[in-house]
file run-v3.tsv (TSV, C-alpha atoms and all ligand atoms)
chain	number	residue	atom	x	y	z
A	1	MET	CA	24.89	39.71	27.33
A	2	ALA	CA	25.53	38.65	23.75
A	3	LYS	CA	22.73	36.71	22.11
A	4	PRO	CA	23.77	33.19	21.23
A	5	ALA	CA	23.89	32.47	17.53
A	6	LEU	CA	23.07	29.07	16.11
A	7	LYS	CA	25.99	27.11	14.81
A	8	GLU	CA	24.40	23.75	14.27
A	9	HIS	CA	21.10	22.00	14.98
A	10	ARG	CA	21.49	18.22	15.04
A	11	ILE	CA	18.75	15.61	15.26
A	12	GLU	CA	19.83	11.99	15.65
A	13	ARG	CA	17.35	10.28	13.34
A	14	GLN	CA	18.08	6.82	14.73
A	15	TRP	CA	17.05	7.98	18.20
A	16	CYS	CA	14.11	10.24	17.35
A	17	LYS	CA	10.77	8.47	17.96
A	18	GLY	CA	8.62	11.17	16.43
A	19	CYS	CA	6.81	12.19	19.61
A	20	GLY	CA	6.48	15.78	18.38
A	21	ILE	CA	7.38	17.43	21.72
A	22	CYS	CA	10.17	19.51	20.17
A	23	VAL	CA	7.88	20.65	17.35
A	24	HIS	CA	5.02	21.49	19.71
A	25	PHE	CA	7.07	23.59	22.13
A	26	CYS	CA	9.53	25.38	19.83
A	27	PRO	CA	8.73	29.07	20.45
A	28	LYS	CA	9.73	30.00	16.87
A	29	LYS	CA	8.08	27.11	14.98
A	30	VAL	CA	11.42	26.08	13.54
A	31	LEU	CA	10.79	22.34	13.63
A	32	GLU	CA	8.50	20.00	11.70
A	33	MET	CA	7.96	16.28	11.28
A	34	ASP	CA	9.07	14.71	8.01
A	35	GLU	CA	7.35	11.93	6.06
A	36	GLU	CA	9.08	9.28	8.18
A	37	ASP	CA	7.82	10.91	11.39
A	38	LYS	CA	11.22	12.24	12.41
A	39	ALA	CA	11.72	15.81	13.53
A	40	PHE	CA	13.74	18.15	11.32
A	41	ALA	CA	14.60	21.84	11.29
A	42	ALA	CA	12.48	23.34	8.53
A	43	ARG	CA	13.24	27.02	9.26
A	44	LEU	CA	16.67	27.09	10.84
A	45	GLU	CA	17.02	30.82	10.15
A	46	ASP	CA	14.30	31.47	12.77
A	47	CYS	CA	16.04	29.51	15.54
A	48	ILE	CA	16.89	31.63	18.58
A	49	CYS	CA	19.08	28.99	20.23
A	50	CYS	CA	16.84	28.66	23.28
A	51	ARG	CA	17.61	24.91	23.38
A	52	MET	CA	14.16	24.00	24.64
A	53	CYS	CA	13.94	21.30	21.97
A	54	GLU	CA	17.15	19.75	23.26
A	55	LEU	CA	16.14	19.95	26.92
A	56	ARG	CA	12.67	18.48	26.37
A	57	CYS	CA	13.53	15.68	23.97
A	58	PRO	CA	12.81	12.41	25.83
A	59	ASP	CA	15.12	10.55	23.48
A	60	LEU	CA	18.25	12.71	23.80
A	61	ALA	CA	18.06	13.07	20.03
A	62	VAL	CA	18.52	16.84	19.75
A	63	GLU	CA	21.70	18.86	20.08
A	64	VAL	CA	21.70	22.61	19.58
A	65	ILE	CA	25.16	24.06	19.20
A	66	CYS	CA	25.38	27.80	19.81
A	67	GLU	CA	28.11	30.28	18.96
A	68	THR	CA	28.61	32.18	22.24
A	69	SER	CA	31.09	29.80	23.76
A	70	GLY	CA	30.97	29.07	27.46
A	71	ASN	CA	27.44	30.37	27.62
A	72	ASN	CA	25.03	27.55	27.21
A	73	GLU	CA	22.58	29.08	29.66
A	74	THR	CA	19.75	30.90	27.98
A	75	PRO	CA	17.09	33.05	29.57
A	76	ASP	CA	14.19	30.93	30.57
A	77	LYS	CA	11.08	32.21	28.87
A	78	ASP	CA	9.11	29.24	27.79
A	79	GLN	CA	9.46	27.01	30.79
A	80	GLY	CA	7.27	28.80	33.24
A	81	GLY	CA	9.84	30.41	35.47
A	82	GLY	CA	8.53	33.12	37.78
A	83	ASN	CA	4.92	32.64	38.57
A	84	ALA	CA	3.76	30.65	35.59
B	1	MET	CA	31.81	16.57	29.22
B	2	ALA	CA	29.27	15.98	26.47
B	3	LEU	CA	25.97	14.51	27.66
B	4	LYS	CA	26.60	11.41	25.59
B	5	ASP	CA	29.62	10.62	27.75
B	6	TYR	CA	27.25	10.00	30.67
B	7	ILE	CA	25.12	7.37	28.94
B	8	ARG	CA	25.56	3.85	27.64
B	9	GLN	CA	25.03	4.72	24.01
B	10	ARG	CA	24.92	1.09	22.97
B	11	PHE	CA	21.44	0.78	24.53
B	12	PHE	CA	19.97	3.66	22.51
B	13	PRO	CA	17.41	4.29	21.19
B	14	HIS	CA	15.96	3.48	24.62
B	15	ILE	CA	12.90	1.26	25.21
B	16	TRP	CA	10.54	3.98	26.44
B	17	CYS	CA	7.52	4.82	24.26
B	18	PRO	CA	7.50	7.92	22.04
B	19	GLY	CA	6.99	10.97	24.25
B	20	CYS	CA	7.47	9.12	27.57
B	21	GLY	CA	8.36	11.68	30.23
B	22	HIS	CA	10.88	9.33	31.82
B	23	GLY	CA	13.29	10.26	29.01
B	24	ILE	CA	12.97	13.96	29.89
B	25	ILE	CA	13.89	13.14	33.49
B	26	LEU	CA	16.94	11.24	32.24
B	27	ASN	CA	17.79	14.27	30.10
B	28	GLY	CA	17.50	16.65	33.09
B	29	LEU	CA	19.44	14.35	35.39
B	30	LEU	CA	22.37	14.10	32.97
B	31	ARG	CA	22.46	17.87	32.66
B	32	ALA	CA	22.43	18.28	36.43
B	33	VAL	CA	25.29	15.80	36.85
B	34	ASP	CA	27.20	17.52	34.05
B	35	THR	CA	26.84	21.05	35.46
B	36	MET	CA	27.77	19.82	38.92
B	37	GLY	CA	30.90	18.29	37.41
B	38	LEU	CA	30.35	15.04	39.31
B	39	ASP	CA	32.73	12.21	38.53
B	40	LYS	CA	30.60	9.40	37.18
B	41	LYS	CA	32.75	6.92	39.12
B	42	ASN	CA	31.38	8.46	42.32
B	43	ILE	CA	27.72	8.05	41.44
B	44	VAL	CA	25.62	4.97	42.08
B	45	MET	CA	22.15	4.76	40.65
B	46	VAL	CA	19.92	2.21	42.32
B	47	SER	CA	16.49	1.41	40.88
B	48	GLY	CA	13.70	-1.11	41.37
B	49	ILE	CA	11.33	-2.37	38.66
B	50	GLY	CA	9.15	-0.41	36.26
B	51	CYS	CA	9.53	1.61	33.07
B	52	SER	CA	11.02	4.31	35.31
B	53	ALA	CA	13.47	1.88	36.87
B	54	ARG	CA	14.94	1.14	33.45
B	55	ILE	CA	16.71	4.49	33.72
B	56	SER	CA	19.58	2.86	35.62
B	57	GLY	CA	20.47	0.84	32.54
B	58	TYR	CA	21.05	3.96	30.46
B	59	VAL	CA	23.38	5.95	32.68
B	60	ASP	CA	27.10	5.26	32.59
B	61	PHE	CA	27.42	5.41	36.39
B	62	HIS	CA	27.65	2.48	38.77
B	63	SER	CA	24.16	1.03	38.62
B	64	LEU	CA	22.03	-1.50	40.39
B	65	HIS	CA	18.72	-2.64	38.92
B	66	THR	CA	17.06	-4.42	41.84
B	67	LEU	CA	13.60	-5.56	43.02
B	68	HIS	CA	10.26	-3.82	42.69
B	69	GLY	CA	9.81	-1.43	45.62
B	70	ARG	CA	13.16	-2.31	47.20
B	71	ALA	CA	15.51	0.19	45.59
B	72	LEU	CA	15.85	2.26	48.78
B	73	ALA	CA	16.76	-0.80	50.82
B	74	PHE	CA	19.56	-1.73	48.40
B	75	ALA	CA	20.61	1.92	48.23
B	76	THR	CA	20.82	2.04	52.03
B	77	GLY	CA	23.25	-0.87	51.96
B	78	VAL	CA	25.38	0.80	49.30
B	79	LYS	CA	25.43	4.15	51.08
B	80	LEU	CA	26.28	2.67	54.50
B	81	SER	CA	29.19	0.70	53.09
B	82	LYS	CA	30.52	3.60	50.97
B	83	PRO	CA	29.16	6.89	52.33
B	84	GLU	CA	31.45	8.91	50.05
B	85	LEU	CA	29.42	7.91	46.97
B	86	ASN	CA	26.49	9.91	45.59
B	87	VAL	CA	23.48	7.63	45.66
B	88	ILE	CA	20.58	8.42	43.33
B	89	VAL	CA	17.38	6.38	43.52
B	90	PRO	CA	14.83	6.96	40.76
B	91	MET	CA	11.52	5.21	41.39
B	92	GLY	CA	8.13	4.90	39.74
B	93	ASP	CA	5.05	5.99	41.67
B	94	GLY	CA	4.09	2.35	42.17
B	95	ASP	CA	7.63	1.36	42.97
B	96	ALA	CA	8.05	4.15	45.55
B	97	LEU	CA	4.61	4.35	47.11
B	98	ALA	CA	2.66	1.13	46.51
B	99	ILE	CA	4.92	-1.87	47.07
B	100	GLY	CA	7.80	0.33	48.28
B	101	GLY	CA	5.79	2.63	50.54
B	102	ASN	CA	7.30	1.41	53.79
B	103	HIS	CA	10.87	1.58	52.53
B	104	PHE	CA	10.10	5.11	51.41
B	105	ILE	CA	8.77	6.48	54.69
B	106	HIS	CA	11.44	4.81	56.79
B	107	ALA	CA	14.32	5.96	54.60
B	108	ALA	CA	12.88	9.46	54.93
B	109	ARG	CA	12.58	9.11	58.71
B	110	ARG	CA	16.18	7.94	59.00
B	111	ASN	CA	17.55	10.85	57.02
B	112	ILE	CA	20.11	8.81	55.14
B	113	GLU	CA	21.88	10.94	52.52
B	114	MET	CA	20.57	9.96	49.09
B	115	THR	CA	18.39	11.39	46.35
B	116	ALA	CA	15.01	9.76	45.78
B	117	ILE	CA	13.39	10.83	42.53
B	118	VAL	CA	9.73	9.83	42.28
B	119	MET	CA	8.92	9.61	38.58
B	120	ASN	CA	5.20	10.08	39.02
B	121	ASN	CA	3.16	9.16	35.94
B	122	ARG	CA	0.18	8.11	38.09
B	123	VAL	CA	0.03	4.62	36.64
B	124	TYR	CA	1.79	1.27	36.45
B	125	GLY	CA	3.29	1.80	33.02
B	126	MET	CA	5.40	-1.31	32.70
B	127	THR	CA	2.67	-3.84	33.49
B	128	GLY	CA	-0.05	-2.40	31.27
B	129	GLY	CA	-1.68	0.63	32.85
B	130	GLN	CA	-3.10	-0.49	36.20
B	131	PHE	CA	-4.01	2.30	38.64
B	132	SER	CA	-1.46	3.25	41.29
B	133	PRO	CA	-1.73	4.98	44.68
B	134	LEU	CA	-0.97	8.18	42.78
B	135	SER	CA	-3.64	7.85	40.08
B	136	GLY	CA	-6.20	9.82	42.05
B	137	TYR	CA	-9.95	9.77	42.50
B	138	GLY	CA	-11.97	9.65	39.30
B	139	THR	CA	-9.12	8.68	36.99
B	140	MET	CA	-9.31	5.81	34.53
B	141	ALA	CA	-6.94	2.85	34.34
B	142	THR	CA	-7.14	-0.70	33.00
B	143	THR	CA	-8.03	-2.10	36.45
B	144	VAL	CA	-10.69	0.55	37.18
B	145	PRO	CA	-12.78	0.49	34.00
B	146	TYR	CA	-15.59	2.46	35.69
B	147	GLY	CA	-13.29	5.02	37.28
B	148	ASN	CA	-10.99	4.99	40.29
B	149	ILE	CA	-12.56	5.40	43.75
B	150	ASP	CA	-9.19	5.40	45.58
B	151	HIS	CA	-7.79	8.72	46.71
B	152	ASP	CA	-4.15	9.47	46.01
B	153	PHE	CA	-1.21	10.35	48.21
B	154	ASP	CA	0.35	13.76	47.98
B	155	VAL	CA	4.02	12.78	47.59
B	156	VAL	CA	5.26	16.09	49.00
B	157	ASP	CA	3.05	15.92	52.12
B	158	LEU	CA	3.88	12.27	52.67
B	159	ALA	CA	7.65	12.78	52.34
B	160	THR	CA	7.46	15.84	54.59
B	161	SER	CA	5.57	14.11	57.37
B	162	ALA	CA	7.80	11.04	57.11
B	163	GLY	CA	10.75	13.32	57.88
B	164	ALA	CA	12.58	13.90	54.59
B	165	THR	CA	14.89	16.88	55.02
B	166	PHE	CA	14.64	18.02	51.41
B	167	VAL	CA	11.32	17.82	49.57
B	168	ALA	CA	10.60	19.31	46.14
B	169	ARG	CA	8.33	18.96	43.14
B	170	THR	CA	8.55	19.81	39.46
B	171	SER	CA	7.40	18.44	36.10
B	172	THR	CA	8.79	17.36	32.76
B	173	TYR	CA	7.49	20.59	31.26
B	174	HIS	CA	9.66	22.70	33.58
B	175	VAL	CA	13.00	21.42	32.38
B	176	HIS	CA	15.28	24.17	33.71
B	177	GLU	CA	13.67	23.80	37.11
B	178	LEU	CA	14.04	20.02	36.78
B	179	ALA	CA	17.84	20.16	36.39
B	180	GLU	CA	18.10	22.82	39.09
B	181	LEU	CA	16.08	20.82	41.63
B	182	ILE	CA	17.95	17.59	40.87
B	183	THR	CA	21.19	19.49	41.55
B	184	LYS	CA	19.88	20.82	44.85
B	185	ALA	CA	18.53	17.43	45.85
B	186	ILE	CA	21.89	15.77	45.15
B	187	ASN	CA	23.78	18.49	47.04
B	188	HIS	CA	21.53	18.15	50.09
B	189	LYS	CA	23.18	16.40	53.05
B	190	GLY	CA	20.28	14.19	54.02
B	191	PHE	CA	17.38	12.27	52.50
B	192	SER	CA	16.00	14.25	49.57
B	193	VAL	CA	12.81	13.58	47.70
B	194	LEU	CA	12.04	15.11	44.35
B	195	GLU	CA	8.67	14.35	42.80
B	196	VAL	CA	8.63	14.81	39.04
B	197	LEU	CA	5.25	14.81	37.30
B	198	THR	CA	5.92	12.81	34.16
B	199	GLN	CA	3.70	11.71	31.32
B	200	CYS	CA	2.82	8.17	30.32
B	201	PRO	CA	1.04	8.93	27.06
B	202	THR	CA	0.57	5.24	26.34
B	203	TYR	CA	-1.59	4.43	29.37
B	204	PHE	CA	-2.44	7.39	31.58
B	205	GLY	CA	-2.76	9.84	28.71
B	206	ARG	CA	-4.79	7.59	26.49
B	207	ARG	CA	-7.13	6.17	29.16
B	208	ASN	CA	-7.84	9.61	30.57
B	209	ARG	CA	-8.19	11.21	27.13
B	210	ILE	CA	-5.65	13.91	27.87
B	211	GLY	CA	-4.05	13.73	24.46
B	212	ASP	CA	-0.49	13.12	23.34
B	213	ALA	CA	2.74	13.72	25.27
B	214	SER	CA	2.82	17.44	24.43
B	215	GLU	CA	-0.77	17.91	25.59
B	216	MET	CA	0.05	16.15	28.84
B	217	MET	CA	2.96	18.54	29.35
B	218	GLU	CA	0.65	21.48	28.61
B	219	VAL	CA	-1.43	20.26	31.54
B	220	TYR	CA	1.63	20.47	33.83
B	221	LYS	CA	2.16	24.01	32.62
B	222	LYS	CA	-1.46	24.97	33.21
B	223	ASN	CA	-2.15	23.12	36.47
B	224	THR	CA	1.00	23.94	38.46
B	225	VAL	CA	2.46	27.09	40.01
B	226	ARG	CA	5.62	28.06	41.84
B	227	ILE	CA	5.30	27.91	45.63
B	228	GLY	CA	4.05	31.20	46.98
B	229	SER	CA	2.35	32.29	43.78
B	230	LYS	CA	-0.80	34.37	44.23
B	231	LYS	CA	-2.51	32.22	41.62
B	232	LYS	CA	-2.72	29.43	44.18
B	233	GLN	CA	-4.90	31.59	46.45
B	234	GLU	CA	-7.24	32.32	43.55
B	235	ASN	CA	-7.32	28.69	42.44
B	236	PRO	CA	-6.58	26.17	45.25
B	237	ASP	CA	-6.64	23.28	42.77
B	238	LEU	CA	-3.29	24.32	41.31
B	239	LEU	CA	-0.40	22.10	42.34
B	240	GLU	CA	2.66	23.86	43.73
B	241	ARG	CA	6.19	23.33	42.44
B	242	GLY	CA	9.52	24.18	44.04
B	243	ILE	CA	11.26	23.36	47.33
B	244	PHE	CA	8.90	22.63	50.22
B	245	VAL	CA	11.41	21.46	52.83
B	246	GLN	CA	15.14	22.10	53.16
B	247	LYS	CA	16.56	21.60	56.62
B	248	GLU	CA	19.55	20.13	58.44
B	249	LEU	CA	19.18	17.14	60.74
B	250	PRO	CA	21.78	14.57	61.84
B	251	GLU	CA	22.50	12.30	58.89
B	252	TYR	CA	22.35	8.53	59.32
B	253	CYS	CA	25.79	7.46	57.99
B	254	ARG	CA	27.59	10.12	60.04
B	255	GLU	CA	25.62	9.13	63.13
B	256	TYR	CA	26.46	5.51	62.48
B	257	ASP	CA	30.17	6.37	62.36
B	258	ASN	CA	29.81	8.19	65.68
B	259	ILE	CA	28.25	5.11	67.22
B	260	ILE	CA	31.15	2.99	66.00
B	261	SER	CA	33.65	5.42	67.59
B	262	LYS	CA	31.72	5.42	70.85
B	263	ALA	CA	31.61	1.65	70.93
B	264	ARG	CA	35.38	1.44	70.29
B	265	GLN	CA	36.17	3.82	73.16
B	266	LYS	CA	34.50	1.51	75.67
C	301	LIG	C1	7.37	-8.10	43.65
C	301	LIG	C2	6.78	-7.67	42.37
C	301	LIG	N1	5.47	-7.39	42.29
C	301	LIG	C3	4.93	-6.97	41.13
C	301	LIG	C4	5.73	-6.83	40.02
C	301	LIG	C5	5.09	-6.38	38.72
C	301	LIG	N2	5.40	-5.00	38.42
C	301	LIG	C6	6.46	-4.67	37.65
C	301	LIG	S1	6.60	-3.04	37.41
C	301	LIG	C7	5.20	-2.74	38.33
C	301	LIG	C8	4.66	-1.35	38.54
C	301	LIG	C9	5.30	-0.31	37.72
C	301	LIG	O1	4.74	0.94	38.01
C	301	LIG	P1	5.62	2.15	38.48
C	301	LIG	O2	6.47	1.77	39.62
C	301	LIG	O3	4.72	3.31	38.68
C	301	LIG	O4	6.62	2.41	37.25
C	301	LIG	P2	6.29	2.88	35.75
C	301	LIG	O5	6.34	1.65	34.92
C	301	LIG	O6	4.96	3.52	35.73
C	301	LIG	O7	7.39	3.81	35.43
C	301	LIG	C10	4.64	-3.93	38.81
C	301	LIG	C11	3.42	-4.00	39.63
C	301	LIG	C12	7.10	-7.13	40.14
C	301	LIG	N3	7.94	-6.97	39.10
C	301	LIG	N4	7.60	-7.54	41.31
C	302	LIG	S1	11.35	15.56	20.89
C	302	LIG	FE1	13.03	14.20	20.27
C	302	LIG	S2	12.07	12.20	19.88
C	302	LIG	FE2	10.43	13.74	19.96
C	302	LIG	S3	10.15	14.33	17.81
C	302	LIG	FE3	11.61	15.79	18.69
C	302	LIG	S4	13.63	14.91	18.24
C	302	LIG	FE4	12.13	13.29	17.92
C	303	LIG	S1	16.69	25.99	19.93
C	303	LIG	FE1	14.70	26.91	20.44
C	303	LIG	S2	14.17	28.08	18.64
C	303	LIG	FE2	15.80	26.71	18.01
C	303	LIG	S3	14.74	24.91	17.22
C	303	LIG	FE3	15.12	24.51	19.36
C	303	LIG	S4	13.27	25.17	20.43
C	303	LIG	FE4	13.24	26.09	18.37
C	304	LIG	S1	4.24	2.52	29.12
C	304	LIG	FE1	4.15	4.64	29.81
C	304	LIG	S2	5.78	4.81	31.37
C	304	LIG	FE2	6.17	2.95	30.18
C	304	LIG	S3	7.59	3.59	28.54
C	304	LIG	FE3	5.51	3.72	27.72
C	304	LIG	S4	4.91	5.84	28.08
C	304	LIG	FE4	6.66	5.43	29.41
C	305	MG	MG	4.22	4.77	37.28

call {"tool": "encode", "arguments": {"input": "run-v3.tsv", "output": "structure tokens"}}
result
Amino acid sequence: MAKPALKEHRIERQWCKGCGICVHFCPKKVLEMDEEDKAFAARLEDCICCRMCELRCPDLAVEVICETSGNNETPDKDQGGGNA
Amino acid sequence: MALKDYIRQRFFPHIWCPGCGHGIILNGLLRAVDTMGLDKKNIVMVSGIGCSARISGYVDFHSLHTLHGRALAFATGVKLSKPELNVIVPMGDGDALAIGGNHFIHAARRNIEMTAIVMNNRVYGMTGGQFSPLSGYGTMATTVPYGNIDHDFDVVDLATSAGATFVARTSTYHVHELAELITKAINHKGFSVLEVLTQCPTYFGRRNRIGDASEMMEVYKKNTVRIGSKKKQENPDLLERGIFVQKELPEYCREYDNIISKARQK
């Protein structure tokens, strides 16, 4: 299965409430909070397109757009599948 | 369809506090509906009152924002009059199991096809952090300043013994599982109950000194296991996640139709 490549990482600043969930759980430490307490992608080159930030954002503020079209499912590592 | 096509964007940003788990449930629900390819014209969301109940205002389905504890009663009316619709009933823990406890057990007993989602943050969020029947012994809340001496319900056990034909549990940490279980609950031909452990950082988190929203989600990761995991035998305090009940029993609307046919034949 081809690895998805990141095309775009969007954060809707008007909707982001700065809860920090996306920053806390990003497995690659891609995200940070800016001076206005909004999340932003500080190290986009490290993003592995797992979309956990998008799935866990309570404010629907994150959209991760990946290259492998038609394959938005990513292996579930960080969510405690299996026996976690 | 893009997720944003399933919401009423004009009401965003939503009213929930930063980090409120209710938003993650909304997120998972929209994804489930999207992957199932449901037509939003065929979905009715019925809710009562509470922070959780506000969810019905954000989805671009048919929606009914009703009375505290009474969502299942309104939903029963909707489903009986139009059984072809998908009826989804998100409820707070107080909404579902304090004031709405009787509606809950009897809807389960009847096995009417609808999806009850118990958004369990173990507190009355909307009214300022009072304890609920799900807070649990020893927890702190504004109305139990010296600690709670009430024991809590186990939503899964309660729903199971009341007769629900689909019973499952997950948390806002386990987001893939969340969308998957919502899908299965909606597909089930009977009364389905999905309990979602969800954080209220503003009241439950703060009063119980658990930390911020992320820390509360870390607790769900640490304190829960998949059903059947060996870890549960080693540590009985762990809470199980997954599907506890999935069985077929005669469904209420179909039975009701049969009764009408019988009566007409006389
Ligand atoms: C008949 C009635 N009694 C009491 C209230 C006050 N009230 C509003 S929401 C609520 C409880 C909310 O708690 P929960 O259902 O757990 O939802 P949450 O806000 O935590 O999501 C109460 C007691 C009401 N609106 N109507
Ligand atoms: S999870 Fe969403 S609301 Fe929270 S900081 Fe990240 S983008 Fe903002
Ligand atoms: S998609 Fe995954 S790796 Fe990329 S920013 Fe989001 S959580 Fe981090
Ligand atoms: S009070 Fe609690 S439940 Fe209500 S919106 Fe805030 S965090 Fe969510
Ligand atoms: Mg509650």

call {"tool": "residues_near_ligand", "arguments": {"input": "run-v3.tsv", "ligand": "ligand MG 305 (chain C)", "cutoff": "8 Å", "atoms": "all atoms listed in the file", "output": "list in words"}}
result
Gly50, Cys51, Ser52, Gly92, Asp93, Gly94, Asp95, Met119, Asn120, Asn121, Arg122, Val123, Tyr124, Gly125, Met126, Ser132 and Cys200 of chain B

call {"tool": "residues_around", "arguments": {"input": "run-v3.tsv", "residues": "Leu239 of chain B", "least_positions_apart": "6", "cutoff": "9 Å", "atoms": "all atoms listed in the file", "output": "PyMOL selection string"}}
result
chain B and resi 220+223-227+232

call {"tool": "residues_around", "arguments": {"input": "run-v3.tsv", "residues": "Cys57 of chain A", "least_positions_apart": "4", "cutoff": "12 Å", "atoms": "only C-alpha atoms", "output": "JSON, numbers by chain"}}
result
{"A": [11, 12, 15, 16, 17, 18, 19, 20, 21, 22, 23, 24, 25, 26, 39, 51, 52, 53, 61, 62, 63, 64], "B": [18, 19, 20, 21, 22, 23, 24, 25, 26, 27, 28, 172, 173, 175, 213, 214]}

call {"tool": "residues_near_ligand", "arguments": {"input": "run-v3.tsv", "ligand": "ligand LIG 303 (chain C)", "cutoff": "10 Å", "atoms": "all atoms listed in the file", "output": "VMD selection string"}}
result
chain A and resid 5 to 6 8 to 10 21 to 32 40 to 56 62 to 66 74 78

call {"tool": "residues_near_point", "arguments": {"input": "run-v3.tsv", "point": "(-3.9, -0.9, 34.7)", "cutoff": "12 Å", "atoms": "all atoms listed in the file", "output": "PyMOL selection string"}}
result
chain B and resi 94+122-133+135+139-145+147-148+202-204+206-208

call {"tool": "write_last_selection", "arguments": {"input": "run-v3.tsv", "atoms": "C-alpha atoms", "output": "PDB file, in the frame of the given file"}}
result
ATOM      1  CA  GLY B  94       4.090   2.350  42.170  1.00  0.00           C
ATOM      2  CA  ARG B 122       0.180   8.110  38.090  1.00  0.00           C
ATOM      3  CA  VAL B 123       0.030   4.620  36.640  1.00  0.00           C
ATOM      4  CA  TYR B 124       1.790   1.270  36.450  1.00  0.00           C
ATOM      5  CA  GLY B 125       3.290   1.800  33.020  1.00  0.00           C
ATOM      6  CA  MET B 126       5.400  -1.310  32.700  1.00  0.00           C
ATOM      7  CA  THR B 127       2.670  -3.840  33.490  1.00  0.00           C
ATOM      8  CA  GLY B 128      -0.050  -2.400  31.270  1.00  0.00           C
ATOM      9  CA  GLY B 129      -1.680   0.630  32.850  1.00  0.00           C
ATOM     10  CA  GLN B 130      -3.100  -0.490  36.200  1.00  0.00           C
ATOM     11  CA  PHE B 131      -4.010   2.300  38.640  1.00  0.00           C
ATOM     12  CA  SER B 132      -1.460   3.250  41.290  1.00  0.00           C
ATOM     13  CA  PRO B 133      -1.730   4.980  44.680  1.00  0.00           C
ATOM     14  CA  SER B 135      -3.640   7.850  40.080  1.00  0.00           C
ATOM     15  CA  THR B 139      -9.120   8.680  36.990  1.00  0.00           C
ATOM     16  CA  MET B 140      -9.310   5.810  34.530  1.00  0.00           C
ATOM     17  CA  ALA B 141      -6.940   2.850  34.340  1.00  0.00           C
ATOM     18  CA  THR B 142      -7.140  -0.700  33.000  1.00  0.00           C
ATOM     19  CA  THR B 143      -8.030  -2.100  36.450  1.00  0.00           C
ATOM     20  CA  VAL B 144     -10.690   0.550  37.180  1.00  0.00           C
ATOM     21  CA  PRO B 145     -12.780   0.490  34.000  1.00  0.00           C
ATOM     22  CA  GLY B 147     -13.290   5.020  37.280  1.00  0.00           C
ATOM     23  CA  ASN B 148     -10.990   4.990  40.290  1.00  0.00           C
ATOM     24  CA  THR B 202       0.570   5.240  26.340  1.00  0.00           C
ATOM     25  CA  TYR B 203      -1.590   4.430  29.370  1.00  0.00           C
ATOM     26  CA  PHE B 204      -2.440   7.390  31.580  1.00  0.00           C
ATOM     27  CA  ARG B 206      -4.790   7.590  26.490  1.00  0.00           C
ATOM     28  CA  ARG B 207      -7.130   6.170  29.160  1.00  0.00           C
ATOM     29  CA  ASN B 208      -7.840   9.610  30.570  1.00  0.00           C
TER      30      ASN B 208
END

call {"tool": "decode", "arguments": {"input": "run-v3.tsv", "residues": "segment 95-126 of chain B", "atoms": "C-alpha atoms", "output": "compact mmCIF listing (two decimals), in the first residue's frame"}}
result
# COMPACT_ATOMS: atom_id res chain seq x y z
CA ASP B 95 -30.21 13.79 30.18
CA ALA B 96 -30.15 10.02 29.51
CA LEU B 97 -29.86 8.57 32.99
CA ALA B 98 -30.97 11.10 35.61
CA ILE B 99 -34.14 12.84 34.45
CA GLY B 100 -34.42 10.61 31.37
CA GLY B 101 -33.66 7.29 33.05
CA ASN B 102 -37.12 5.83 32.62
CA HIS B 103 -37.40 6.81 28.98
CA PHE B 104 -34.03 5.19 28.48
CA ILE B 105 -34.79 1.79 29.99
CA HIS B 106 -38.20 1.53 28.38
CA ALA B 107 -36.98 2.50 24.91
CA ALA B 108 -34.34 -0.21 25.33
CA ARG B 109 -36.94 -2.74 26.47
CA ARG B 110 -39.16 -1.97 23.48
CA ASN B 111 -36.37 -2.44 20.98
CA ILE B 112 -37.39 0.45 18.78
CA GLU B 113 -34.85 1.01 16.00
CA MET B 114 -32.83 4.11 16.81
CA THR B 115 -29.32 5.03 17.91
CA ALA B 116 -28.89 6.39 21.43
CA ILE B 117 -25.49 7.95 22.01
CA VAL B 118 -24.75 8.63 25.67
CA MET B 119 -22.21 11.44 25.76
CA ASN B 120 -20.90 10.62 29.20
CA ASN B 121 -18.82 13.39 30.76
CA ARG B 122 -19.91 12.38 34.28
CA VAL B 123 -21.27 15.80 35.13
CA TYR B 124 -24.01 18.31 34.39
CA GLY B 125 -21.93 20.54 32.15
CA MET B 126 -24.54 22.99 30.99
